[in-house]
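Shown below: protein.pdb, with PDB, C-alpha atoms, pLDDT in the B column.
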MODEL        1
ATOM      1  CA  MET A   1      -4.416  -9.903 -23.564  1.00 44.00           C
ATOM      2  CA  VAL A   2      -1.955  -9.803 -20.659  1.00 45.00           C
ATOM      3  CA  ARG A   3       1.447 -11.099 -21.597  1.00 46.00           C
ATOM      4  CA  ARG A   4       1.884 -14.760 -20.712  1.00 42.00           C
ATOM      5  CA  ALA A   5       4.886 -15.606 -18.557  1.00 41.00           C
ATOM      6  CA  MET A   6       6.760 -18.839 -17.862  1.00 37.00           C
ATOM      7  CA  ARG A   7       6.752 -20.326 -14.392  1.00 38.00           C
ATOM      8  CA  PRO A   8       9.815 -19.418 -12.350  1.00 36.00           C
ATOM      9  CA  SER A   9      11.885 -21.624 -10.131  1.00 32.00           C
ATOM     10  CA  ALA A  10      10.972 -21.865  -6.448  1.00 32.00           C
ATOM     11  CA  ALA A  11      13.825 -19.456  -5.655  1.00 30.00           C
ATOM     12  CA  LEU A  12      11.837 -16.622  -7.172  1.00 28.00           C
ATOM     13  CA  VAL A  13       8.947 -17.019  -4.729  1.00 30.00           C
ATOM     14  CA  PRO A  14       9.392 -14.448  -1.923  1.00 32.00           C
ATOM     15  CA  SER A  15       9.643 -15.461   1.719  1.00 29.00           C
ATOM     16  CA  LEU A  16       6.527 -15.262   3.867  1.00 25.00           C
ATOM     17  CA  ALA A  17       7.944 -12.879   6.497  1.00 29.00           C
ATOM     18  CA  ALA A  18       5.391 -10.834   8.440  1.00 30.00           C
ATOM     19  CA  LEU A  19       4.673  -7.356   7.095  1.00 28.00           C
ATOM     20  CA  ALA A  20       4.949  -4.420   9.492  1.00 31.00           C
ATOM     21  CA  LEU A  21       4.971  -0.677   8.998  1.00 33.00           C
ATOM     22  CA  ALA A  22       8.460   0.796   9.116  1.00 35.00           C
ATOM     23  CA  GLY A  23       9.046   2.566  12.399  1.00 35.00           C
ATOM     24  CA  ALA A  24      11.242   5.346  11.044  1.00 36.00           C
ATOM     25  CA  ALA A  25      12.705   6.794   7.886  1.00 41.00           C
ATOM     26  CA  GLY A  26      14.960   9.678   7.010  1.00 42.00           C
ATOM     27  CA  GLY A  27      16.995  11.682   9.478  1.00 42.00           C
ATOM     28  CA  GLY A  28      17.511  15.081  11.013  1.00 41.00           C
ATOM     29  CA  HIS A  29      19.741  18.071  10.285  1.00 50.00           C
ATOM     30  CA  SER A  30      21.747  20.053  12.861  1.00 62.00           C
ATOM     31  CA  GLY A  31      19.702  18.629  15.721  1.00 89.00           C
ATOM     32  CA  LEU A  32      16.314  19.377  14.153  1.00 95.00           C
ATOM     33  CA  SER A  33      13.851  16.481  14.390  1.00 96.00           C
ATOM     34  CA  VAL A  34      10.284  16.167  13.072  1.00 97.00           C
ATOM     35  CA  SER A  35       8.430  12.928  13.636  1.00 98.00           C
ATOM     36  CA  VAL A  36       5.087  11.142  13.420  1.00 97.00           C
ATOM     37  CA  GLY A  37       3.890   7.822  14.735  1.00 96.00           C
ATOM     38  CA  SER A  38       3.873   5.324  11.868  1.00 96.00           C
ATOM     39  CA  ALA A  39       0.297   4.438  10.938  1.00 96.00           C
ATOM     40  CA  ILE A  40      -2.210   3.738   8.189  1.00 96.00           C
ATOM     41  CA  VAL A  41      -4.207   6.918   7.609  1.00 97.00           C
ATOM     42  CA  ARG A  42      -7.042   8.233   5.462  1.00 95.00           C
ATOM     43  CA  PRO A  43      -7.934  11.731   4.274  1.00 94.00           C
ATOM     44  CA  GLY A  44      -9.420  13.672   7.165  1.00 96.00           C
ATOM     45  CA  ASP A  45      -7.626  11.673   9.869  1.00 98.00           C
ATOM     46  CA  ARG A  46      -5.989  13.589  12.715  1.00 97.00           C
ATOM     47  CA  VAL A  47      -2.180  13.580  12.486  1.00 98.00           C
ATOM     48  CA  VAL A  48       0.286  14.829  15.120  1.00 98.00           C
ATOM     49  CA  VAL A  49       3.816  15.943  14.233  1.00 98.00           C
ATOM     50  CA  GLN A  50       6.367  16.422  17.009  1.00 98.00           C
ATOM     51  CA  VAL A  51       9.208  18.927  16.538  1.00 98.00           C
ATOM     52  CA  ALA A  52      12.424  19.034  18.584  1.00 97.00           C
ATOM     53  CA  GLY A  53      15.800  20.714  18.242  1.00 96.00           C
ATOM     54  CA  ALA A  54      14.430  23.661  16.238  1.00 96.00           C
ATOM     55  CA  VAL A  55      15.486  27.290  16.523  1.00 95.00           C
ATOM     56  CA  PRO A  56      13.417  28.737  19.386  1.00 96.00           C
ATOM     57  CA  LYS A  57      10.700  31.246  18.510  1.00 96.00           C
ATOM     58  CA  ARG A  58      11.377  30.996  14.755  1.00 96.00           C
ATOM     59  CA  ARG A  59       8.465  29.813  12.615  1.00 96.00           C
ATOM     60  CA  LEU A  60       9.034  26.418  11.031  1.00 96.00           C
ATOM     61  CA  HIS A  61       7.082  25.090   8.051  1.00 97.00           C
ATOM     62  CA  VAL A  62       6.145  21.404   8.104  1.00 98.00           C
ATOM     63  CA  GLY A  63       5.059  19.155   5.247  1.00 97.00           C
ATOM     64  CA  LEU A  64       4.690  15.559   4.110  1.00 97.00           C
ATOM     65  CA  GLN A  65       7.170  14.115   1.627  1.00 95.00           C
ATOM     66  CA  VAL A  66       6.616  11.008  -0.511  1.00 95.00           C
ATOM     67  CA  TYR A  67       8.839   8.167   0.658  1.00 94.00           C
ATOM     68  CA  PRO A  68      11.171   7.292  -0.915  1.00 91.00           C
ATOM     69  CA  PRO A  69      11.590  10.770  -2.476  1.00 83.00           C
ATOM     70  CA  VAL A  70      10.674  10.896  -6.165  1.00 75.00           C
ATOM     71  CA  GLY A  71      13.551  13.245  -6.971  1.00 66.00           C
ATOM     72  CA  ALA A  72      15.980  15.731  -5.490  1.00 59.00           C
ATOM     73  CA  GLY A  73      13.640  18.604  -6.360  1.00 59.00           C
ATOM     74  CA  ALA A  74      10.497  17.044  -4.891  1.00 71.00           C
ATOM     75  CA  ARG A  75       8.969  19.427  -2.369  1.00 83.00           C
ATOM     76  CA  PRO A  76       6.798  18.324   0.550  1.00 92.00           C
ATOM     77  CA  VAL A  77       3.053  18.923   0.645  1.00 95.00           C
ATOM     78  CA  ALA A  78       2.600  21.762   3.151  1.00 96.00           C
ATOM     79  CA  VAL A  79       0.443  20.843   6.149  1.00 97.00           C
ATOM     80  CA  GLY A  80       1.124  23.743   8.534  1.00 97.00           C
ATOM     81  CA  SER A  81       3.679  25.673  10.542  1.00 97.00           C
ATOM     82  CA  VAL A  82       4.691  26.003  14.198  1.00 97.00           C
ATOM     83  CA  VAL A  83       6.665  28.398  16.387  1.00 97.00           C
ATOM     84  CA  PRO A  84       8.924  26.304  18.639  1.00 97.00           C
ATOM     85  CA  ASP A  85       9.174  27.191  22.319  1.00 97.00           C
ATOM     86  CA  ARG A  86      12.363  28.320  24.033  1.00 96.00           C
ATOM     87  CA  ARG A  87      13.533  24.689  24.142  1.00 96.00           C
ATOM     88  CA  GLY A  88      13.031  24.312  20.370  1.00 97.00           C
ATOM     89  CA  ARG A  89      10.012  22.040  20.747  1.00 97.00           C
ATOM     90  CA  ALA A  90       6.576  22.220  19.147  1.00 98.00           C
ATOM     91  CA  ARG A  91       3.562  20.111  18.263  1.00 98.00           C
ATOM     92  CA  LEU A  92       1.532  20.397  15.063  1.00 98.00           C
ATOM     93  CA  VAL A  93      -1.926  18.813  14.800  1.00 98.00           C
ATOM     94  CA  PHE A  94      -3.677  18.737  11.412  1.00 98.00           C
ATOM     95  CA  ARG A  95      -6.201  16.791   9.344  1.00 98.00           C
ATOM     96  CA  LEU A  96      -4.680  14.721   6.582  1.00 97.00           C
ATOM     97  CA  PRO A  97      -5.376  16.293   3.172  1.00 96.00           C
ATOM     98  CA  HIS A  98      -6.486  14.258   0.153  1.00 95.00           C
ATOM     99  CA  LEU A  99      -3.279  12.555  -0.935  1.00 95.00           C
ATOM    100  CA  GLY A 100      -2.624   9.690  -3.331  1.00 94.00           C
ATOM    101  CA  ALA A 101      -2.047   6.205  -1.946  1.00 97.00           C
ATOM    102  CA  ALA A 102       1.651   6.274  -1.026  1.00 96.00           C
ATOM    103  CA  ALA A 103       3.950   6.379   1.995  1.00 97.00           C
ATOM    104  CA  TYR A 104       4.796   9.812   3.380  1.00 97.00           C
ATOM    105  CA  ARG A 105       7.287  11.023   5.962  1.00 97.00           C
ATOM    106  CA  PRO A 106       7.211  14.380   7.758  1.00 97.00           C
ATOM    107  CA  ALA A 107       9.677  17.012   6.654  1.00 96.00           C
ATOM    108  CA  ALA A 108      10.698  20.519   7.673  1.00 96.00           C
ATOM    109  CA  GLN A 109      11.192  23.243   5.090  1.00 90.00           C
ATOM    110  CA  LEU A 110      14.216  25.473   5.785  1.00 87.00           C
ATOM    111  CA  GLY A 111      14.258  27.912   2.895  1.00 83.00           C
ATOM    112  CA  SER A 112      15.147  25.830  -0.160  1.00 83.00           C
ATOM    113  CA  ARG A 113      16.327  22.960   2.032  1.00 87.00           C
ATOM    114  CA  VAL A 114      14.162  19.999   3.059  1.00 91.00           C
ATOM    115  CA  VAL A 115      14.988  18.204   6.303  1.00 94.00           C
ATOM    116  CA  PRO A 116      13.410  14.711   6.283  1.00 94.00           C
ATOM    117  CA  GLY A 117      11.844  13.420   9.465  1.00 96.00           C
ATOM    118  CA  HIS A 118      11.032  10.148  11.188  1.00 96.00           C
ATOM    119  CA  GLY A 119       8.015   7.849  10.945  1.00 97.00           C
ATOM    120  CA  LEU A 120       5.904   6.887   7.958  1.00 97.00           C
ATOM    121  CA  LEU A 121       2.249   7.457   7.154  1.00 98.00           C
ATOM    122  CA  SER A 122       0.764   4.927   4.737  1.00 98.00           C
ATOM    123  CA  VAL A 123      -2.201   6.584   3.018  1.00 98.00           C
ATOM    124  CA  ALA A 124      -5.048   4.181   2.255  1.00 97.00           C
ATOM    125  CA  ALA A 125      -6.111   3.675  -1.366  1.00 97.00           C
ATOM    126  CA  LEU A 126      -9.682   4.776  -2.032  1.00 95.00           C
ATOM    127  CA  PRO A 127     -11.824   2.861  -4.553  1.00 94.00           C
ATOM    128  CA  PRO A 128     -11.881   4.532  -7.971  1.00 94.00           C
ATOM    129  CA  ARG A 129     -15.026   5.589  -9.771  1.00 93.00           C
ATOM    130  CA  GLY A 130     -17.085   2.581 -10.820  1.00 92.00           C
ATOM    131  CA  PHE A 131     -15.945   0.357  -7.933  1.00 95.00           C
ATOM    132  CA  GLY A 132     -17.945  -0.489  -4.822  1.00 95.00           C
ATOM    133  CA  PRO A 133     -16.805  -0.484  -1.182  1.00 96.00           C
ATOM    134  CA  LEU A 134     -13.404  -1.916  -0.314  1.00 97.00           C
ATOM    135  CA  GLY A 135     -13.078  -5.572   0.584  1.00 97.00           C
ATOM    136  CA  ALA A 136     -12.992  -6.472   4.270  1.00 98.00           C
ATOM    137  CA  PRO A 137     -12.203  -9.505   6.461  1.00 97.00           C
ATOM    138  CA  GLY A 138     -14.593 -12.387   5.983  1.00 97.00           C
ATOM    139  CA  CYS A 139     -15.446 -11.020   2.530  1.00 97.00           C
ATOM    140  CA  ALA A 140     -17.921  -8.654   4.152  1.00 97.00           C
ATOM    141  CA  PRO A 141     -17.796  -7.482   1.433  1.00 96.00           C
ATOM    142  CA  PRO A 142     -15.453  -9.131  -1.106  1.00 97.00           C
ATOM    143  CA  SER A 143     -13.073  -6.807  -2.932  1.00 97.00           C
ATOM    144  CA  PRO A 144     -14.872  -4.655  -5.517  1.00 97.00           C
ATOM    145  CA  SER A 145     -14.603  -5.354  -9.237  1.00 95.00           C
ATOM    146  CA  SER A 146     -15.417  -3.678 -12.513  1.00 92.00           C
ATOM    147  CA  GLY A 147     -15.371  -6.036 -15.464  1.00 87.00           C
ATOM    148  CA  ARG A 148     -12.519  -8.442 -14.694  1.00 89.00           C
ATOM    149  CA  ASP A 149     -10.441  -5.909 -12.726  1.00 95.00           C
ATOM    150  CA  ILE A 150     -10.409  -6.243  -8.924  1.00 97.00           C
ATOM    151  CA  PHE A 151      -9.319  -3.403  -6.618  1.00 98.00           C
ATOM    152  CA  GLY A 152      -7.558  -4.310  -3.385  1.00 98.00           C
ATOM    153  CA  THR A 153      -7.741  -2.908   0.125  1.00 98.00           C
ATOM    154  CA  ALA A 154      -4.312  -1.312   0.377  1.00 98.00           C
ATOM    155  CA  ALA A 155      -2.299   1.301   2.255  1.00 97.00           C
ATOM    156  CA  GLY A 156       0.676   3.182   0.852  1.00 97.00           C
ATOM    157  CA  ALA A 157      -0.056   1.840  -2.629  1.00 97.00           C
ATOM    158  CA  GLU A 158      -2.762   0.605  -4.981  1.00 98.00           C
ATOM    159  CA  LEU A 159      -3.188  -3.150  -5.470  1.00 98.00           C
ATOM    160  CA  TRP A 160      -4.960  -4.556  -8.535  1.00 98.00           C
ATOM    161  CA  ALA A 161      -5.782  -8.082  -9.683  1.00 97.00           C
ATOM    162  CA  LEU A 162      -6.878  -9.588 -12.992  1.00 96.00           C
ATOM    163  CA  PRO A 163      -7.924 -13.246 -12.574  1.00 95.00           C
ATOM    164  CA  PHE A 164      -7.932 -15.645 -15.507  1.00 92.00           C
ATOM    165  CA  ALA A 165     -11.234 -17.059 -14.279  1.00 85.00           C
ATOM    166  CA  ALA A 166     -14.866 -16.091 -13.973  1.00 74.00           C
ATOM    167  CA  ALA A 167     -15.073 -13.382 -11.322  1.00 71.00           C
ATOM    168  CA  GLY A 168     -16.773 -10.128 -10.609  1.00 66.00           C
ATOM    169  CA  GLU A 169     -20.404 -11.231 -10.332  1.00 69.00           C
ATOM    170  CA  GLY A 170     -22.416  -8.407  -8.803  1.00 76.00           C
ATOM    171  CA  GLY A 171     -19.496  -5.985  -8.872  1.00 92.00           C
ATOM    172  CA  ALA A 172     -17.498  -8.001  -6.344  1.00 93.00           C
ATOM    173  CA  ALA A 173     -14.723 -10.605  -6.425  1.00 94.00           C
ATOM    174  CA  ASN A 174     -16.941 -13.693  -6.462  1.00 94.00           C
ATOM    175  CA  MET A 175     -14.892 -16.506  -8.032  1.00 93.00           C
ATOM    176  CA  VAL A 176     -16.649 -19.380  -9.798  1.00 93.00           C
ATOM    177  CA  GLY A 177     -15.287 -22.500 -11.490  1.00 93.00           C
ATOM    178  CA  VAL A 178     -11.895 -22.321  -9.757  1.00 94.00           C
ATOM    179  CA  LEU A 179     -12.274 -24.868  -6.953  1.00 95.00           C
ATOM    180  CA  GLY A 180      -9.352 -27.341  -6.924  1.00 95.00           C
ATOM    181  CA  LYS A 181      -7.837 -25.871 -10.085  1.00 94.00           C
ATOM    182  CA  GLU A 182      -4.644 -23.882 -10.545  1.00 96.00           C
ATOM    183  CA  THR A 183      -5.849 -20.338 -11.226  1.00 96.00           C
ATOM    184  CA  LYS A 184      -3.653 -17.702 -12.799  1.00 97.00           C
ATOM    185  CA  ILE A 185      -4.015 -14.156 -11.504  1.00 97.00           C
ATOM    186  CA  VAL A 186      -2.105 -11.119 -12.736  1.00 97.00           C
ATOM    187  CA  PHE A 187      -1.345  -8.422 -10.150  1.00 98.00           C
ATOM    188  CA  LYS A 188      -0.182  -4.827 -10.170  1.00 97.00           C
ATOM    189  CA  MET A 189       1.044  -2.793  -7.209  1.00 97.00           C
ATOM    190  CA  THR A 190       2.146   0.835  -7.418  1.00 96.00           C
ATOM    191  CA  SER A 191       4.891   0.323  -4.806  1.00 95.00           C
ATOM    192  CA  GLY A 192       6.561  -2.395  -6.892  1.00 94.00           C
ATOM    193  CA  ILE A 193       6.597  -6.200  -6.860  1.00 94.00           C
ATOM    194  CA  PRO A 194       6.295  -7.153  -3.165  1.00 94.00           C
ATOM    195  CA  GLN A 195       8.672  -9.245  -1.103  1.00 92.00           C
ATOM    196  CA  VAL A 196       5.799 -10.656   0.947  1.00 96.00           C
ATOM    197  CA  PHE A 197       3.061 -12.461  -0.983  1.00 98.00           C
ATOM    198  CA  TYR A 198       0.758 -15.293   0.097  1.00 98.00           C
ATOM    199  CA  ALA A 199      -2.833 -16.494   0.344  1.00 98.00           C
ATOM    200  CA  VAL A 200      -4.834 -17.238   3.489  1.00 98.00           C
ATOM    201  CA  ALA A 201      -7.464 -19.978   3.233  1.00 98.00           C
ATOM    202  CA  PRO A 202     -10.877 -19.779   4.953  1.00 97.00           C
ATOM    203  CA  ASP A 203      -9.520 -21.905   7.852  1.00 97.00           C
ATOM    204  CA  GLY A 204      -6.578 -19.527   8.379  1.00 97.00           C
ATOM    205  CA  ALA A 205      -3.905 -21.663   6.713  1.00 97.00           C
ATOM    206  CA  ARG A 206      -1.253 -19.545   4.964  1.00 97.00           C
ATOM    207  CA  LEU A 207      -0.292 -20.783   1.503  1.00 96.00           C
ATOM    208  CA  PRO A 208       2.402 -19.555  -0.893  1.00 96.00           C
ATOM    209  CA  PRO A 209       1.626 -19.227  -4.597  1.00 98.00           C
ATOM    210  CA  VAL A 210       2.256 -22.280  -6.737  1.00 97.00           C
ATOM    211  CA  TRP A 211       4.430 -20.028  -8.870  1.00 98.00           C
ATOM    212  CA  MET A 212       5.163 -16.315  -9.272  1.00 97.00           C
ATOM    213  CA  THR A 213       6.979 -14.373 -11.967  1.00 96.00           C
ATOM    214  CA  PRO A 214       7.431 -10.682 -12.862  1.00 96.00           C
ATOM    215  CA  HIS A 215       6.138  -9.350 -16.178  1.00 95.00           C
ATOM    216  CA  THR A 216       8.217  -7.008 -18.298  1.00 89.00           C
ATOM    217  CA  GLY A 217       5.382  -5.772 -20.503  1.00 83.00           C
ATOM    218  CA  SER A 218       1.603  -5.745 -20.687  1.00 86.00           C
ATOM    219  CA  ASN A 219      -1.412  -4.052 -22.253  1.00 90.00           C
ATOM    220  CA  TRP A 220      -3.343  -4.116 -18.967  1.00 94.00           C
ATOM    221  CA  GLU A 221      -3.910  -0.428 -18.318  1.00 91.00           C
ATOM    222  CA  ARG A 222      -3.680  -0.245 -14.553  1.00 95.00           C
ATOM    223  CA  PRO A 223      -0.847   1.453 -12.627  1.00 95.00           C
ATOM    224  CA  GLY A 224       2.040  -0.340 -10.964  1.00 95.00           C
ATOM    225  CA  ALA A 225       4.632  -3.064 -11.396  1.00 96.00           C
ATOM    226  CA  GLU A 226       3.142  -6.278 -12.752  1.00 97.00           C
ATOM    227  CA  TRP A 227       3.589  -9.935 -11.922  1.00 97.00           C
ATOM    228  CA  GLY A 228       1.682 -13.143 -12.417  1.00 97.00           C
ATOM    229  CA  ALA A 229       1.040 -15.961  -9.959  1.00 98.00           C
ATOM    230  CA  GLY A 230      -0.814 -19.239  -9.668  1.00 98.00           C
ATOM    231  CA  PHE A 231      -2.984 -20.284  -6.715  1.00 97.00           C
ATOM    232  CA  VAL A 232      -5.030 -23.396  -5.994  1.00 97.00           C
ATOM    233  CA  PHE A 233      -8.242 -22.618  -4.106  1.00 97.00           C
ATOM    234  CA  ASP A 234      -9.005 -26.007  -2.561  1.00 96.00           C
ATOM    235  CA  ARG A 235     -12.154 -25.028  -0.633  1.00 96.00           C
ATOM    236  CA  THR A 236     -15.019 -22.596  -0.912  1.00 97.00           C
ATOM    237  CA  GLY A 237     -15.261 -19.546   1.311  1.00 97.00           C
ATOM    238  CA  CYS A 238     -13.409 -16.278   1.791  1.00 98.00           C
ATOM    239  CA  TRP A 239      -9.780 -16.215   0.676  1.00 98.00           C
ATOM    240  CA  ARG A 240      -7.349 -13.389   1.415  1.00 98.00           C
ATOM    241  CA  ILE A 241      -4.376 -12.697  -0.831  1.00 98.00           C
ATOM    242  CA  HIS A 242      -1.809 -10.474   0.873  1.00 98.00           C
ATOM    243  CA  ALA A 243       0.976  -8.521  -0.848  1.00 98.00           C
ATOM    244  CA  GLY A 244       3.364  -6.002   0.571  1.00 93.00           C
ATOM    245  CA  THR A 245       6.782  -4.715   1.461  1.00 83.00           C
ATOM    246  CA  ALA A 246       6.828  -2.455   4.522  1.00 83.00           C
ATOM    247  CA  PRO A 247       5.444   0.212   4.643  1.00 93.00           C
ATOM    248  CA  TRP A 248       3.245  -0.713   1.658  1.00 95.00           C
ATOM    249  CA  SER A 249       0.614  -3.434   2.009  1.00 96.00           C
ATOM    250  CA  GLY A 250      -2.543  -4.674   0.334  1.00 97.00           C
ATOM    251  CA  ASP A 251      -5.166  -7.402   0.562  1.00 98.00           C
ATOM    252  CA  LEU A 252      -7.599  -8.938  -1.894  1.00 98.00           C
ATOM    253  CA  TRP A 253     -10.692 -10.557  -0.421  1.00 98.00           C
ATOM    254  CA  LEU A 254     -11.940 -13.242  -2.819  1.00 97.00           C
ATOM    255  CA  SER A 255     -15.170 -15.154  -2.280  1.00 97.00           C
ATOM    256  CA  VAL A 256     -14.635 -18.595  -3.844  1.00 96.00           C
ATOM    257  CA  LEU A 257     -18.084 -19.965  -4.692  1.00 95.00           C
ATOM    258  CA  SER A 258     -17.278 -23.002  -6.836  1.00 93.00           C
TER     259      SER A 258
ENDMDL
END
Could you express the structure from this file as structure tokens?
Amino acid sequence: MVRRAMRPSAALVPSLAALALAGAAGGGHSGLSVSVGSAIVRPGDRVVVQVAGAVPKRRLHVGLQVYPPVGAGARPVAVGSVVPDRRGRARLVFRLPHLGAAAYRPAAQLGSRVVPGHGLLSVAALPPRGFGPLGAPGCAPPSPSSGRDIFGTAAGAELWALPFAAAGEGGAANMVGVLGKETKIVFKMTSGIPQVFYAVAPDGARLPPVWMTPHTGSNWERPGAEWGAGFVFDRTGCWRIHAGTAPWSGDLWLSVLS
């Protein structure tokens, strides 16, 4: 069983600020700049990297680096190379390789040195084996489930949910027997416990959790930092639970039936 946690004070509930992708991260080196437009991307998407301030006519290798860097020795994933023009400018266009759900920034490789760039790409999380299509607005469809585990529609991270209620009928997050009751749900997110966390009712009203608290241990074998929260679903229909801290974000689409 997932470890039970006490309810926190209201001060522990994060603010409901709007989530937006970060516009830039990292910095240049000796005038060299590599940049991308911040966006949510999927494997196979077209990505454009702009290079400026490079040594003219000298080949430059470009990659994508996990943000924030996992360690001083972490090397970028190579995506291509360019030969800057006489003004030190170049443009690299490539198709995004299959990368794990995380945030990535462009980077230039100068020998053993890595020069971080600007802009962040949030790679969408793909449903794992055994899960159906990702949840979508209006619960068309609801988020997919396998057993009690629900997989969220997320970018830059994976988002998981484990409701303490009957859910998962037909391989989707169809919630029954929760109407008007406080329902505990345990969450995990690979980017950490989010600063932005709320539910959106079928009529568009935004509601904070009744309570929220981090967990320090668990036997739930899904990746990410874990926390628990309570919600009251006071009407039937499609509910959205949003979690995120820029540039990581995720949504659960729950169809409350009764």
**Report entry** Contact residues around Gly100 in chain A with only C-alpha atoms at 9 Å, ignoring same-chain residues under 3 positions, as an NGL selection string
**Finding:** :A and (123-126 or 156-157)
Requested in this report: List the residues selected by the PyMOL selection byres ((chain A and resi 203-206) around 12) in the file shown, writing them as a PyMOL selection string.
Outcome: chain A and resi 16-18+137-138+197-202+207-209+231+233-242
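In terms of minimum interatomic distance to Pro84 in chain A, A:Gln50 ranks closest within A:Gln195, A:Thr153, A:Gln50, A:Thr190, counting all atoms listed in the file.
Counting all atoms listed in the file, the residue from A:Pro76, A:Gly44, A:Gly180, A:Gly244 that sits nearest to Gly117 in chain A is A:Pro76.
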Query raised in the report: What does the distance between CA of Ala90 in chain A and CA of Arg42 in chain A come to in Å, to one decimal place?
Result: 23.8 Å
Requested in this report: For Phe164 in chain A, work out the shell of residues within 9 Å, counting only C-alpha atoms and skipping chain neighbours fewer than 5 positions away, then give it as a ChimeraX atom specification.
Outcome: /A:148,183-186
Query raised in the report: Exactly which residues make up the result of the PyMOL selection byres ((chain A and resi 194) around 12) on this file, given as number ranges by chain?
Result: A: 12-17, 19, 157, 159, 187-193, 195-198, 212-214, 224-228, 242-250
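Considering the residues A:Leu92, A:Gly37, A:His118, A:Val47 and counting all atoms listed in the file, Gln65 in chain A has its shortest atom-to-atom contact with A:His118.
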Query raised in the report: CA of Asn174 in chain A to CA of Gly132 in chain A: how many Å, to one decimal?
Result: 13.3 Å
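With the shown file loaded, the PyMOL selection byres ((chain A and resi 68) around 9) picks out A:Ala25, A:Gln65, A:Val66, A:Tyr67, A:Pro69, A:Val70, A:Gly71, A:Ala103, A:Tyr104, A:Arg105.
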Once you have the residues from the selection above, write them out as a PDB file, keeping the file's coordinate frame, restricted to C-alpha atoms.
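The result, written out as result.pdb:
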ATOM      1  CA  ALA A  25      12.705   6.794   7.886  1.00 41.00           C
ATOM      2  CA  GLN A  65       7.170  14.115   1.627  1.00 95.00           C
ATOM      3  CA  VAL A  66       6.616  11.008  -0.511  1.00 95.00           C
ATOM      4  CA  TYR A  67       8.839   8.167   0.658  1.00 94.00           C
ATOM      5  CA  PRO A  69      11.590  10.770  -2.476  1.00 83.00           C
ATOM      6  CA  VAL A  70      10.674  10.896  -6.165  1.00 75.00           C
ATOM      7  CA  GLY A  71      13.551  13.245  -6.971  1.00 66.00           C
ATOM      8  CA  ALA A 103       3.950   6.379   1.995  1.00 97.00           C
ATOM      9  CA  TYR A 104       4.796   9.812   3.380  1.00 97.00           C
ATOM     10  CA  ARG A 105       7.287  11.023   5.962  1.00 97.00           C
TER      11      ARG A 105
END
Query raised in the report: Leaving out Arg91 in chain A and any residue of its chain fewer than 3 positions from it, which residues lie within 12 Å of it when counting all atoms listed in the file, given as an MDAnalysis selection string?
Result: chainID A and resid 33:36 47:52 54 60:62 80:85 88 94
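The coordinates place CA of Pro106 in chain A at 18.5 Å from CA of Arg58 in chain A.
Using all atoms listed in the file, the shortest contact distance between Ala108 in chain A and any of A:Arg59, A:Lys181, A:His215, A:Arg222 is found at A:Arg59.
Of the listed residues A:Leu254, A:Ser218, A:Leu99, A:Val41, the one whose atoms come nearest to Pro163 in chain A is A:Leu254, with distances taken using all atoms listed in the file.
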Query raised in the report: Counting all atoms listed in the file, which of A:Arg89, A:Ala165, A:Ala136, A:Pro128 gets nearest to Gly177 in chain A?
Result: A:Ala165
